[in-house]
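Since the structure comes first, as structure tokens, the remarks are kept for the end.
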Amino acid sequence: MSRYEEMFLRLHQRAEGAFGGFLMLGDPDVATSAALLDALVEGGADMMEVGIAFSDPVADGPVIQAAAERALGAGVRVDDCFGLIAQFRAKHPAVPVGILTYANLLAARGRERFMTDAAAAGADSILVADVPSLEAEPYAAAARAAGLDYVMIAAPNTPEPVIRRIAELSSGYTYCVARAGVTGTRDRLALDHDQLFGLLREAGAPPPVLGFGISTPDQVGEALASGAAGVIAGSALVRLGADADGLRELVLAMKAATALPGSQEEQHGRFA
Amino acid sequence: MKHDGRFGRYGGCYVPEILVPALEQLEAAFLEAEEDPQFGAELQELLATYAGRPTPLTRCRNLAAGTPARIYLKREDLLHGGAHKTNQVLAQGLLAKRMGKRRLIAETGAGQHGVATALAGALFGLETEIYMGADDVERQQLNVFRMELMGARVIPVTGGGRTLKDAVNEALRDWTASFPETHYLLGTAAGPHPFPTMVRQFQRVIGREARAQTLEVEGRLPDSVVACVGGGSNAIGMFSDFVPDEDVALIGVEAAGKGLNGHEHGATILRGSHGILHGTETLVLQDSDGQVADSWSISAGLDYPAVGPEHAHLKETGRASYVGVEDGDALAAFQALAQTEGIIPAFESAHALAHALELAEAATEETVIVVNLSGRGDKDMAQAVKLLKGAEA
Ligand SMILES: Cc1ncc(COP(=O)(O)O)c(C=O)c1O
């Protein structure tokens with residue numbers, strides 16, 4: 001069983017949704033970044049999404065762009081990021097770690113080698129933000145060959161044929177975005193996901209985890225109530241900067257909101 | 001998508017999944033428009049009566065005197081707006097209307113494409129917002145004013161390196177959330193499919209005219225066709241109709257800036273490596289991790305760290321060749337054309353001209369060279385004063 005499968009099973013038994021935290025590796029520097037990753041786990045994060053910074057992050061809003069600039073400004077290299085993942089893996093053997101990055105970093109290192117190095121460091125999955133389903137096949141194949149889950153993005157405007165591609169090519173979980181646009185916090189979530197979750201479930205896609213815009217415990221509860229198997233908070237965590245205590249507290253509050261009310265439990269169970 | 005947008009192993013469509021529907025809609029609208037005689041007629045009328053097509057092919061009377069070469073200039077500098085950019089902003093503007101969009105966005109470096117998009121926005125009655133690196137906004141106040149005069153709003157981009165590539169990033173981000181009512185009028189033959197194909201089709205009128213005009217005056221095809229390469233739109237527009245003419249040498253000229261051996265240049269094809277930037281698989285100036293480097297050129301239009309994927313392919317197949325021209329040589333050609341022919345070229349176009357001059361000087365027998373004079377130099381006056389007067393003082 002993969003770490004994601006184990007996690008979803010464990011959470012299902014506890015009637016909880018998954019809480020994932022996103023941080024940019026090496027932001028603001030390698031040592032601080034390692035401490036912040038630990039703080040997420042201490043706050044109760046079930047899974048980690050970690051960014052490997054790219055100079056031209058077109059899928060990211062201002063908060064995560066700034067994080068990437070800080071990491072690159074500190075001289076953080078891809079090798080340092082794999083080092084951080086390895087360090088994290090040694091300390092937290094059961095917490096799944098997903099890499100979120102951009103295609104050019106894979107092109108530069110060689111797609112296969114990037115995947116192999118990521119797996120060797122202890123990563124569980126990879127999501128390449130600028131590789132849509134149209135271009136995904138060789139990426140998914142390389143991930144599979146390296147033993148990584150390949151995660152893909154689904155949005156409320158994603159058409160059915162793409163949902164079927166996602167079901168076919170991806171594993172681990174499905175990264176669902178709350179609405180069109182780039183990463184960033186939102187005052188309100190657009191919660192018309194029932195249909196998307198329904199389509200994903202019918203197609204047999206991996207469990208839907210809702211990201212992009214999750215910033216408060218209330219939103220966590222709403223997202224899970226709408227049928228998500230988990231949530232990922234990104235910008236809301238990243239904008240706290242190097243404040244490990246603040247981070248731990250916010251994660252604690254958001255994680256507390258992942259307890260599922262009885263009626264949702266069954267729905268959630270179908271993904272587990 | 002109907003097509004994969006590949007040129008050999010280059011091209012493709014590397015954008016976040018949520019943007020794919022926008023590109024699918026654009027591809028469908030473009031393919032439909034290509035088949036629609038009404039679209040063709042409307043574009044044709046605009047190109048003729050608004051933009052001033054066909055542009056002349058001018059034989060240089062003095063520039064290459066004393067060499068066995070005849071140099072012809074394809075006069076895109078005479079097009080309304082002052083550069084070849086007008087060809088494709090009119091076409092994309094029409095497409096935007098056709099798709100029912102009410103807003104245009106675009107990226108711009110020094111402002112040339114921003115000005116062209118502003119012109120299209122005014123003409124077609126579309127709200128227009130131009131992303132421009134904050135540093136470029138500072139440096140190019142006059143172009144900012146020209147855009148504003150035509151009703152566009154200029155949005156300074158403060159992220160990243162605050163230049164052209166960051167403006168592209170920001171336009172893509174905007175489009176990710178705004179595409180239902182907004183068309184992204186990308187300025188060159190780069191970016192995700194269908195842009196490289198679409199922009200080529202809208203620019204190939206340059207080469208179609210130049211080919212016919214050369215046949216008419218020379219009674220034969222040229223020996224060489226030369227164009228500068230930034231993102232690649234004027235060059236691909238010039239090359240496309242000549243591609244099947246295997247005896248015609250196609251030469252793209254990149255900005256060698258302060259020298260190809262350093263880092264201050266824009267020579268993506270000569271010095272870049274395989275990568276993926278702004279939605280397309282192509283050659284990119286980057287470090288070994290894949291972080292994109294800053295490019296450099298005296299001419300803002302050639303200052304871009306990637307290149308249209310079809311050029312990467314033409315280079316790989318050997319059908320076109322690519323050379324670099326340094327800042328100083330471009331500036332010398334800029335002056336030479338002004339002094340010998342009374343034509344002030346854009347700094348970008350001066351790169352192509354400098355290489356044509358090199359070919360002319362090296363020629364040992366009669367040769368016909370066609371240069372794409374992609375734009376006029378008015379926009380470069382302030383910088384030229386600084387470079388030329390400053391150097392004399
Ligand atoms: C006059 C002129 N020529 C050439 C270029 C380079 O662009 P491309 O390579 O797309 O033709 C520009 C870009 O701004 C330009 O203004």
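Labeling convention for the structure tokens: chains A, B, ... as they appear, residues from 1 per chain, ligands from 1 in order of appearance.
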Just the strand (DSSP E or B) stuff from range 30-221 of chain A, please, per backbone DSSP, written as JSON, numbers by chain. {"A": [47, 48, 49, 50, 51, 97, 98, 99, 100, 101, 125, 126, 127, 128, 149, 150, 152, 153, 154, 174, 175, 176, 177, 208, 209, 210, 211]}
Let me see the file: selected residues, N, CA and C atoms, as a tab-separated table (two decimals), in the first residue's frame.
chain	number	residue	atom	x	y	z
A	47	MET	N	-0.54	15.20	5.39
A	47	MET	CA	0.28	15.03	4.18
A	47	MET	C	0.95	16.35	3.84
A	48	MET	N	2.07	16.27	3.17
A	48	MET	CA	2.84	17.47	2.83
A	48	MET	C	2.87	17.66	1.32
A	49	GLU	N	2.68	18.91	0.93
A	49	GLU	CA	2.92	19.29	-0.46
A	49	GLU	C	4.12	20.21	-0.41
A	50	VAL	N	5.14	19.90	-1.16
A	50	VAL	CA	6.31	20.78	-1.10
A	50	VAL	C	6.64	21.29	-2.50
A	51	GLY	N	6.89	22.58	-2.56
A	51	GLY	CA	7.21	23.20	-3.85
A	51	GLY	C	8.70	23.18	-4.08
A	97	VAL	N	4.64	12.73	1.15
A	97	VAL	CA	5.20	13.99	0.65
A	97	VAL	C	5.00	14.06	-0.86
A	98	GLY	N	4.33	15.11	-1.29
A	98	GLY	CA	4.14	15.31	-2.73
A	98	GLY	C	4.93	16.52	-3.20
A	99	ILE	N	5.57	16.37	-4.34
A	99	ILE	CA	6.31	17.49	-4.92
A	99	ILE	C	5.42	18.23	-5.90
A	100	LEU	N	5.49	19.57	-5.81
A	100	LEU	CA	4.76	20.40	-6.77
A	100	LEU	C	5.81	21.28	-7.45
A	101	THR	N	5.92	21.15	-8.76
A	101	THR	CA	6.92	21.96	-9.44
A	101	THR	C	6.51	22.21	-10.89
A	125	SER	N	4.84	11.52	-4.37
A	125	SER	CA	4.13	11.89	-5.59
A	125	SER	C	4.74	13.13	-6.20
A	126	ILE	N	4.32	13.39	-7.43
A	126	ILE	CA	4.74	14.62	-8.10
A	126	ILE	C	3.57	15.17	-8.89
A	127	LEU	N	3.44	16.49	-8.82
A	127	LEU	CA	2.44	17.21	-9.63
A	127	LEU	C	3.22	18.27	-10.38
A	128	VAL	N	3.10	18.28	-11.70
A	128	VAL	CA	3.81	19.28	-12.49
A	128	VAL	C	2.78	20.30	-12.96
A	149	ASP	N	3.67	8.31	-7.24
A	149	ASP	CA	2.31	8.57	-7.70
A	149	ASP	C	2.35	9.83	-8.55
A	150	TYR	N	1.58	9.84	-9.63
A	150	TYR	CA	1.51	11.02	-10.47
A	150	TYR	C	0.17	11.71	-10.21
A	152	MET	N	-2.64	14.74	-10.66
A	152	MET	CA	-3.11	15.68	-11.67
A	152	MET	C	-4.19	16.60	-11.10
A	153	ILE	N	-4.41	17.69	-11.81
A	153	ILE	CA	-5.33	18.73	-11.34
A	153	ILE	C	-6.68	18.62	-12.05
A	154	ALA	N	-7.74	18.75	-11.28
A	154	ALA	CA	-9.09	18.82	-11.86
A	154	ALA	C	-9.77	20.07	-11.32
A	174	THR	N	-6.33	13.25	-6.29
A	174	THR	CA	-6.60	14.21	-7.36
A	174	THR	C	-6.59	15.59	-6.75
A	175	TYR	N	-5.78	16.45	-7.31
A	175	TYR	CA	-5.69	17.82	-6.78
A	175	TYR	C	-6.81	18.63	-7.42
A	176	CYS	N	-7.84	18.93	-6.61
A	176	CYS	CA	-8.97	19.68	-7.16
A	176	CYS	C	-8.81	21.15	-6.81
A	177	VAL	N	-9.03	22.02	-7.78
A	177	VAL	CA	-8.91	23.43	-7.49
A	177	VAL	C	-10.29	24.03	-7.32
A	208	PRO	N	-10.34	12.98	-4.21
A	208	PRO	CA	-10.19	14.41	-4.46
A	208	PRO	C	-9.74	15.17	-3.21
A	209	VAL	N	-8.68	15.95	-3.39
A	209	VAL	CA	-8.21	16.81	-2.31
A	209	VAL	C	-8.31	18.23	-2.84
A	210	LEU	N	-8.97	19.09	-2.07
A	210	LEU	CA	-9.25	20.42	-2.57
A	210	LEU	C	-8.15	21.42	-2.16
A	211	GLY	N	-7.60	22.09	-3.15
A	211	GLY	CA	-6.56	23.08	-2.85
A	211	GLY	C	-6.90	24.41	-3.48
Within 6 Å of ligand 1 (only C-alpha atoms and all ligand atoms), residues as an mmCIF file with C-alpha atoms, in the first residue's frame:
data_model
loop_
_atom_site.group_PDB
_atom_site.id
_atom_site.type_symbol
_atom_site.label_atom_id
_atom_site.label_comp_id
_atom_site.auth_asym_id
_atom_site.auth_seq_id
_atom_site.Cartn_x
_atom_site.Cartn_y
_atom_site.Cartn_z
ATOM 1 C CA ALA B 83 6.413 47.246 -37.181
ATOM 2 C CA GLN B 112 6.183 47.701 -29.160
ATOM 3 C CA HIS B 113 3.689 44.882 -28.825
ATOM 4 C CA THR B 188 5.134 36.515 -30.865
ATOM 5 C CA VAL B 229 14.690 36.554 -34.051
ATOM 6 C CA GLY B 230 13.318 37.613 -30.694
ATOM 7 C CA GLY B 231 10.357 35.367 -30.043
ATOM 8 C CA GLY B 232 10.438 34.622 -33.734
ATOM 9 C CA SER B 233 7.313 36.132 -35.294
ATOM 10 C CA ASN B 234 8.761 38.369 -38.001
ATOM 11 C CA ALA B 235 11.299 35.694 -38.921
ATOM 12 C CA GLY B 301 12.402 43.133 -28.846
ATOM 13 C CA LEU B 302 15.229 40.581 -28.982
ATOM 14 C CA ALA B 346 14.398 49.474 -35.470
ATOM 15 C CA GLU B 348 15.882 44.688 -33.823
ATOM 16 C CA SER B 349 15.831 44.939 -37.612
ATOM 17 C CA SER B 374 10.645 44.401 -39.259
ATOM 18 C CA GLY B 375 10.199 47.882 -37.827
#
Exercise. Counting only C-alpha atoms, collect the residues of chain B whose closest atom lies at most 10 Å from chain A, and write them out as an MDAnalysis selection string.
Key: chainID B and resid 1 4 12:21 159:161 165:166 168:179 273:281 284 286:293
For the residues selected in the previous step, produce a file with C-alpha atoms as an mmCIF file, in the first residue's frame.
data_model
loop_
_atom_site.group_PDB
_atom_site.id
_atom_site.type_symbol
_atom_site.label_atom_id
_atom_site.label_comp_id
_atom_site.auth_asym_id
_atom_site.auth_seq_id
_atom_site.Cartn_x
_atom_site.Cartn_y
_atom_site.Cartn_z
ATOM 1 C CA MET B 1 -7.373 20.082 -29.270
ATOM 2 C CA ASP B 4 -0.783 18.834 -30.890
ATOM 3 C CA GLY B 12 3.126 21.538 -27.453
ATOM 4 C CA CYS B 13 0.846 23.026 -24.860
ATOM 5 C CA TYR B 14 2.345 23.251 -21.360
ATOM 6 C CA VAL B 15 -0.118 25.214 -19.297
ATOM 7 C CA PRO B 16 -2.056 24.527 -16.112
ATOM 8 C CA GLU B 17 -5.047 22.264 -16.804
ATOM 9 C CA ILE B 18 -7.470 25.100 -16.014
ATOM 10 C CA LEU B 19 -6.142 27.139 -18.958
ATOM 11 C CA VAL B 20 -6.565 24.359 -21.515
ATOM 12 C CA PRO B 21 -10.221 25.227 -22.279
ATOM 13 C CA GLY B 159 7.439 40.149 -9.559
ATOM 14 C CA GLY B 160 10.490 38.252 -10.770
ATOM 15 C CA GLY B 161 13.028 40.184 -12.817
ATOM 16 C CA LYS B 165 9.341 37.270 -19.267
ATOM 17 C CA ASP B 166 7.712 38.329 -16.018
ATOM 18 C CA VAL B 168 4.307 37.069 -19.921
ATOM 19 C CA ASN B 169 3.963 35.170 -16.623
ATOM 20 C CA GLU B 170 1.573 37.778 -15.281
ATOM 21 C CA ALA B 171 -0.520 37.836 -18.453
ATOM 22 C CA LEU B 172 -0.817 34.027 -18.278
ATOM 23 C CA ARG B 173 -1.902 34.259 -14.631
ATOM 24 C CA ASP B 174 -4.505 36.867 -15.464
ATOM 25 C CA TRP B 175 -5.798 34.717 -18.320
ATOM 26 C CA THR B 176 -6.133 31.655 -16.082
ATOM 27 C CA ALA B 177 -8.923 33.422 -14.222
ATOM 28 C CA SER B 178 -10.267 35.739 -16.924
ATOM 29 C CA PHE B 179 -10.459 33.742 -20.163
ATOM 30 C CA SER B 273 19.300 24.403 -24.037
ATOM 31 C CA HIS B 274 16.216 22.238 -24.257
ATOM 32 C CA GLY B 275 13.467 23.427 -21.933
ATOM 33 C CA ILE B 276 9.853 24.417 -21.382
ATOM 34 C CA LEU B 277 8.924 28.046 -20.901
ATOM 35 C CA HIS B 278 5.675 29.961 -21.303
ATOM 36 C CA GLY B 279 3.790 26.927 -22.468
ATOM 37 C CA THR B 280 6.115 25.584 -25.120
ATOM 38 C CA GLU B 281 8.933 23.099 -25.406
ATOM 39 C CA VAL B 284 15.754 28.333 -23.299
ATOM 40 C CA GLN B 286 18.777 28.741 -18.270
ATOM 41 C CA ASP B 287 21.035 27.356 -15.590
ATOM 42 C CA SER B 288 21.657 23.665 -15.002
ATOM 43 C CA ASP B 289 18.659 23.417 -12.614
ATOM 44 C CA GLY B 290 16.311 24.881 -15.220
ATOM 45 C CA GLN B 291 15.996 28.347 -13.673
ATOM 46 C CA VAL B 292 15.496 30.748 -16.548
ATOM 47 C CA ALA B 293 18.264 33.270 -17.078
#
Requested in this report: Please identify which residues in range 266-345 of chain B DSSP calls helix (DSSP H, G or I) from the backbone, and express them as a ChimeraX atom specification.
Outcome: /B:268-271,300-302,309-317,327-341
Handout entry: Selection: 9 Å around range 231-239 of chain A, only C-alpha atoms, excl. self and same-chain fewer than 5 positions, as a ChimeraX atom specification
Key = /A:17-24,27,47-49,61-64,67,175-176,183-185,208-216,220,223-224,246-247,250-251,254,258
Mind dumping the selected residues with N, CA, C and O atoms as a short mmCIF file (atom, residue, chain, number, x, y, z; two decimals), in the first residue's frame?
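Output contents, as saved in again_27.cif:
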data_model
loop_
_atom_site.label_atom_id
_atom_site.label_comp_id
_atom_site.auth_asym_id
_atom_site.auth_seq_id
_atom_site.Cartn_x
_atom_site.Cartn_y
_atom_site.Cartn_z
N GLY A 17 -11.07 13.92 7.56
CA GLY A 17 -10.53 14.24 6.24
C GLY A 17 -9.04 14.49 6.38
O GLY A 17 -8.53 14.68 7.49
N ALA A 18 -8.37 14.49 5.24
CA ALA A 18 -6.92 14.72 5.28
C ALA A 18 -6.63 16.21 5.27
O ALA A 18 -7.27 16.97 4.54
N PHE A 19 -5.66 16.61 6.07
CA PHE A 19 -5.19 17.99 5.97
C PHE A 19 -3.77 17.97 5.42
O PHE A 19 -2.86 17.40 6.00
N GLY A 20 -3.61 18.64 4.28
CA GLY A 20 -2.28 18.75 3.68
C GLY A 20 -1.79 20.18 3.78
O GLY A 20 -2.56 21.12 3.61
N GLY A 21 -0.52 20.34 4.09
CA GLY A 21 0.06 21.68 4.14
C GLY A 21 1.08 21.83 3.03
O GLY A 21 1.84 20.90 2.75
N PHE A 22 1.06 23.00 2.40
CA PHE A 22 2.04 23.27 1.35
C PHE A 22 3.07 24.29 1.85
O PHE A 22 2.72 25.30 2.44
N LEU A 23 4.34 23.99 1.61
CA LEU A 23 5.40 24.98 1.84
C LEU A 23 6.38 24.92 0.68
O LEU A 23 6.51 23.88 0.01
N MET A 24 7.05 26.04 0.43
CA MET A 24 8.08 26.07 -0.60
C MET A 24 9.40 25.62 0.02
O MET A 24 9.83 26.17 1.04
N ASP A 27 12.45 27.96 1.58
CA ASP A 27 11.96 29.30 1.90
C ASP A 27 11.93 29.48 3.39
O ASP A 27 11.23 28.71 4.06
N MET A 47 -0.54 15.20 5.39
CA MET A 47 0.28 15.03 4.18
C MET A 47 0.95 16.35 3.84
O MET A 47 0.47 17.41 4.22
N MET A 48 2.07 16.27 3.17
CA MET A 48 2.84 17.47 2.83
C MET A 48 2.87 17.66 1.32
O MET A 48 3.05 16.70 0.57
N GLU A 49 2.68 18.91 0.93
CA GLU A 49 2.92 19.29 -0.46
C GLU A 49 4.12 20.21 -0.41
O GLU A 49 4.11 21.19 0.33
N GLY A 61 0.04 32.49 -7.43
CA GLY A 61 -0.27 33.87 -7.08
C GLY A 61 0.89 34.51 -6.33
O GLY A 61 1.93 33.88 -6.13
N PRO A 62 0.71 35.75 -5.91
CA PRO A 62 1.80 36.55 -5.34
C PRO A 62 2.48 35.92 -4.12
O PRO A 62 3.70 36.02 -3.99
N VAL A 63 1.71 35.27 -3.25
CA VAL A 63 2.30 34.75 -2.01
C VAL A 63 3.31 33.64 -2.32
O VAL A 63 4.44 33.64 -1.81
N ILE A 64 2.92 32.71 -3.18
CA ILE A 64 3.81 31.58 -3.47
C ILE A 64 4.92 31.99 -4.44
O ILE A 64 6.05 31.52 -4.35
N ALA A 67 7.52 33.34 -2.26
CA ALA A 67 8.23 32.26 -1.57
C ALA A 67 9.30 31.66 -2.49
O ALA A 67 10.42 31.38 -2.07
N TYR A 175 -5.78 16.45 -7.31
CA TYR A 175 -5.69 17.82 -6.78
C TYR A 175 -6.81 18.63 -7.42
O TYR A 175 -6.76 18.96 -8.59
N CYS A 176 -7.84 18.93 -6.61
CA CYS A 176 -8.97 19.68 -7.16
C CYS A 176 -8.81 21.15 -6.81
O CYS A 176 -8.48 21.49 -5.68
N THR A 183 -2.82 30.12 -7.56
CA THR A 183 -2.86 29.88 -6.13
C THR A 183 -3.04 31.19 -5.37
O THR A 183 -2.69 32.25 -5.85
N GLY A 184 -3.59 31.09 -4.19
CA GLY A 184 -3.77 32.28 -3.37
C GLY A 184 -4.93 32.05 -2.42
O GLY A 184 -5.72 31.12 -2.60
N THR A 185 -5.02 32.90 -1.41
CA THR A 185 -6.13 32.73 -0.47
C THR A 185 -7.39 33.37 -1.05
O THR A 185 -7.32 34.25 -1.88
N PRO A 208 -10.34 12.98 -4.21
CA PRO A 208 -10.19 14.41 -4.46
C PRO A 208 -9.74 15.17 -3.21
O PRO A 208 -10.35 15.04 -2.15
N VAL A 209 -8.68 15.95 -3.39
CA VAL A 209 -8.21 16.81 -2.31
C VAL A 209 -8.31 18.23 -2.84
O VAL A 209 -7.84 18.52 -3.94
N LEU A 210 -8.97 19.09 -2.07
CA LEU A 210 -9.25 20.42 -2.57
C LEU A 210 -8.15 21.42 -2.16
O LEU A 210 -7.82 21.55 -0.98
N GLY A 211 -7.60 22.09 -3.15
CA GLY A 211 -6.56 23.08 -2.85
C GLY A 211 -6.90 24.41 -3.48
O GLY A 211 -7.99 24.57 -4.03
N PHE A 212 -6.01 25.35 -3.46
CA PHE A 212 -6.18 26.71 -4.02
C PHE A 212 -7.24 27.48 -3.23
O PHE A 212 -8.43 27.42 -3.52
N GLY A 213 -6.83 28.20 -2.25
CA GLY A 213 -7.76 29.11 -1.60
C GLY A 213 -8.23 28.70 -0.21
O GLY A 213 -8.99 29.41 0.42
N ILE A 214 -7.77 27.54 0.26
CA ILE A 214 -8.17 27.11 1.61
C ILE A 214 -7.33 27.89 2.64
O ILE A 214 -6.12 27.76 2.67
N SER A 215 -8.00 28.70 3.46
CA SER A 215 -7.20 29.48 4.41
C SER A 215 -7.78 29.54 5.82
O SER A 215 -7.13 30.05 6.72
N THR A 216 -9.00 29.02 6.04
CA THR A 216 -9.56 29.06 7.39
C THR A 216 -10.14 27.69 7.77
O THR A 216 -10.49 26.90 6.89
N VAL A 220 -12.11 24.60 5.58
CA VAL A 220 -11.74 23.18 5.64
C VAL A 220 -13.00 22.34 5.83
O VAL A 220 -13.26 21.38 5.09
N ALA A 223 -15.20 22.37 2.70
CA ALA A 223 -14.65 21.57 1.61
C ALA A 223 -14.91 20.09 1.85
O ALA A 223 -15.32 19.36 0.95
N LEU A 224 -14.70 19.66 3.08
CA LEU A 224 -14.91 18.24 3.38
C LEU A 224 -16.39 17.89 3.31
O LEU A 224 -16.77 16.82 2.82
N GLY A 246 3.27 30.21 14.82
CA GLY A 246 2.04 30.61 14.15
C GLY A 246 1.55 29.53 13.20
O GLY A 246 0.36 29.22 13.11
N LEU A 247 2.51 28.94 12.51
CA LEU A 247 2.21 27.89 11.55
C LEU A 247 1.59 26.68 12.25
O LEU A 247 0.56 26.14 11.83
N LEU A 250 -2.00 27.47 13.35
CA LEU A 250 -2.97 27.51 12.26
C LEU A 250 -3.28 26.10 11.75
O LEU A 250 -4.43 25.74 11.52
N VAL A 251 -2.22 25.28 11.64
CA VAL A 251 -2.42 23.91 11.18
C VAL A 251 -3.28 23.14 12.20
O VAL A 251 -4.20 22.41 11.82
N MET A 254 -6.83 24.16 11.69
CA MET A 254 -7.41 23.63 10.46
C MET A 254 -7.59 22.12 10.54
O MET A 254 -8.58 21.57 10.06
N THR A 258 -11.13 18.94 10.45
CA THR A 258 -11.26 17.84 9.48
C THR A 258 -12.09 16.67 9.99
O THR A 258 -12.27 15.69 9.29
#
Who sits within 8 Å of Phe82 in chain A, only C-alpha atoms, same chain under 3 positions skipped, as a PyMOL selection string:
chain A and resi 78-79+85-86+117-118+121
Would you write out those residues with N, CA and C atoms, as a PDB file, in the first residue's frame?
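Writing the result to selection_13.pdb gives the following:
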ATOM      1  N   VAL A  78      17.956  22.551  -6.706  1.00  0.00           N
ATOM      2  CA  VAL A  78      17.077  21.376  -6.709  1.00  0.00           C
ATOM      3  C   VAL A  78      17.637  20.290  -5.784  1.00  0.00           C
ATOM      4  N   ASP A  79      18.945  20.130  -5.795  1.00  0.00           N
ATOM      5  CA  ASP A  79      19.566  19.127  -4.914  1.00  0.00           C
ATOM      6  C   ASP A  79      19.289  19.412  -3.434  1.00  0.00           C
ATOM      7  N   ILE A  85      13.789  16.887   1.512  1.00  0.00           N
ATOM      8  CA  ILE A  85      12.798  15.801   1.511  1.00  0.00           C
ATOM      9  C   ILE A  85      13.376  14.561   2.206  1.00  0.00           C
ATOM     10  N   ALA A  86      14.620  14.260   1.922  1.00  0.00           N
ATOM     11  CA  ALA A  86      15.255  13.086   2.536  1.00  0.00           C
ATOM     12  C   ALA A  86      15.319  13.227   4.058  1.00  0.00           C
ATOM     13  N   ASP A 117      15.326  10.617  -8.724  1.00  0.00           N
ATOM     14  CA  ASP A 117      15.943  11.304  -7.584  1.00  0.00           C
ATOM     15  C   ASP A 117      14.899  11.671  -6.536  1.00  0.00           C
ATOM     16  N   ALA A 118      13.709  12.083  -7.014  1.00  0.00           N
ATOM     17  CA  ALA A 118      12.633  12.441  -6.080  1.00  0.00           C
ATOM     18  C   ALA A 118      12.220  11.218  -5.265  1.00  0.00           C
ATOM     19  N   ALA A 121      14.765  10.287  -2.706  1.00  0.00           N
ATOM     20  CA  ALA A 121      14.773  11.181  -1.548  1.00  0.00           C
ATOM     21  C   ALA A 121      13.652  10.836  -0.573  1.00  0.00           C
TER      22      ALA A 121
END
So which residues touch Thr108 in chain B within 9 Å, counting only C-alpha atoms, skipping near sequence neighbours fewer than 3 positions away, as a list in words?
Gly111, Gln112, His113, Gly114, Val115, Ile130, Tyr131, Met132, Gly133, Asp136, Thr163, Leu164, Lys165, Ala167, Val168, Gly187 and Gly301 of chain B
Which residues of range 33-118 of chain B come within 10 Å of range 217-228 of chain B, and what is each one's closest atom pair and distance in Å (one decimal), counting only C-alpha atoms, sorted by chain and residue number, as a tab-separated table?
residue	atom	partner	partner_atom	distance
B:Leu57	CA	B:Val217	CA	9.3
B:Arg59	CA	B:Val217	CA	9.5
B:Ala69	CA	B:Asp223	CA	10.0
B:Arg70	CA	B:Pro222	CA	9.5
B:Ile71	CA	B:Pro222	CA	9.6
B:Tyr72	CA	B:Pro222	CA	9.3
B:Leu73	CA	B:Val226	CA	9.7
B:Lys74	CA	B:Ala227	CA	9.9
Residues within 9 Å of Gly172 in chain A, please, as number ranges by chain. Count only C-alpha atoms; anything in the same chain fewer than 4 positions from it doesn't count.
A: 2-5, 124-125, 148-151, 206-207
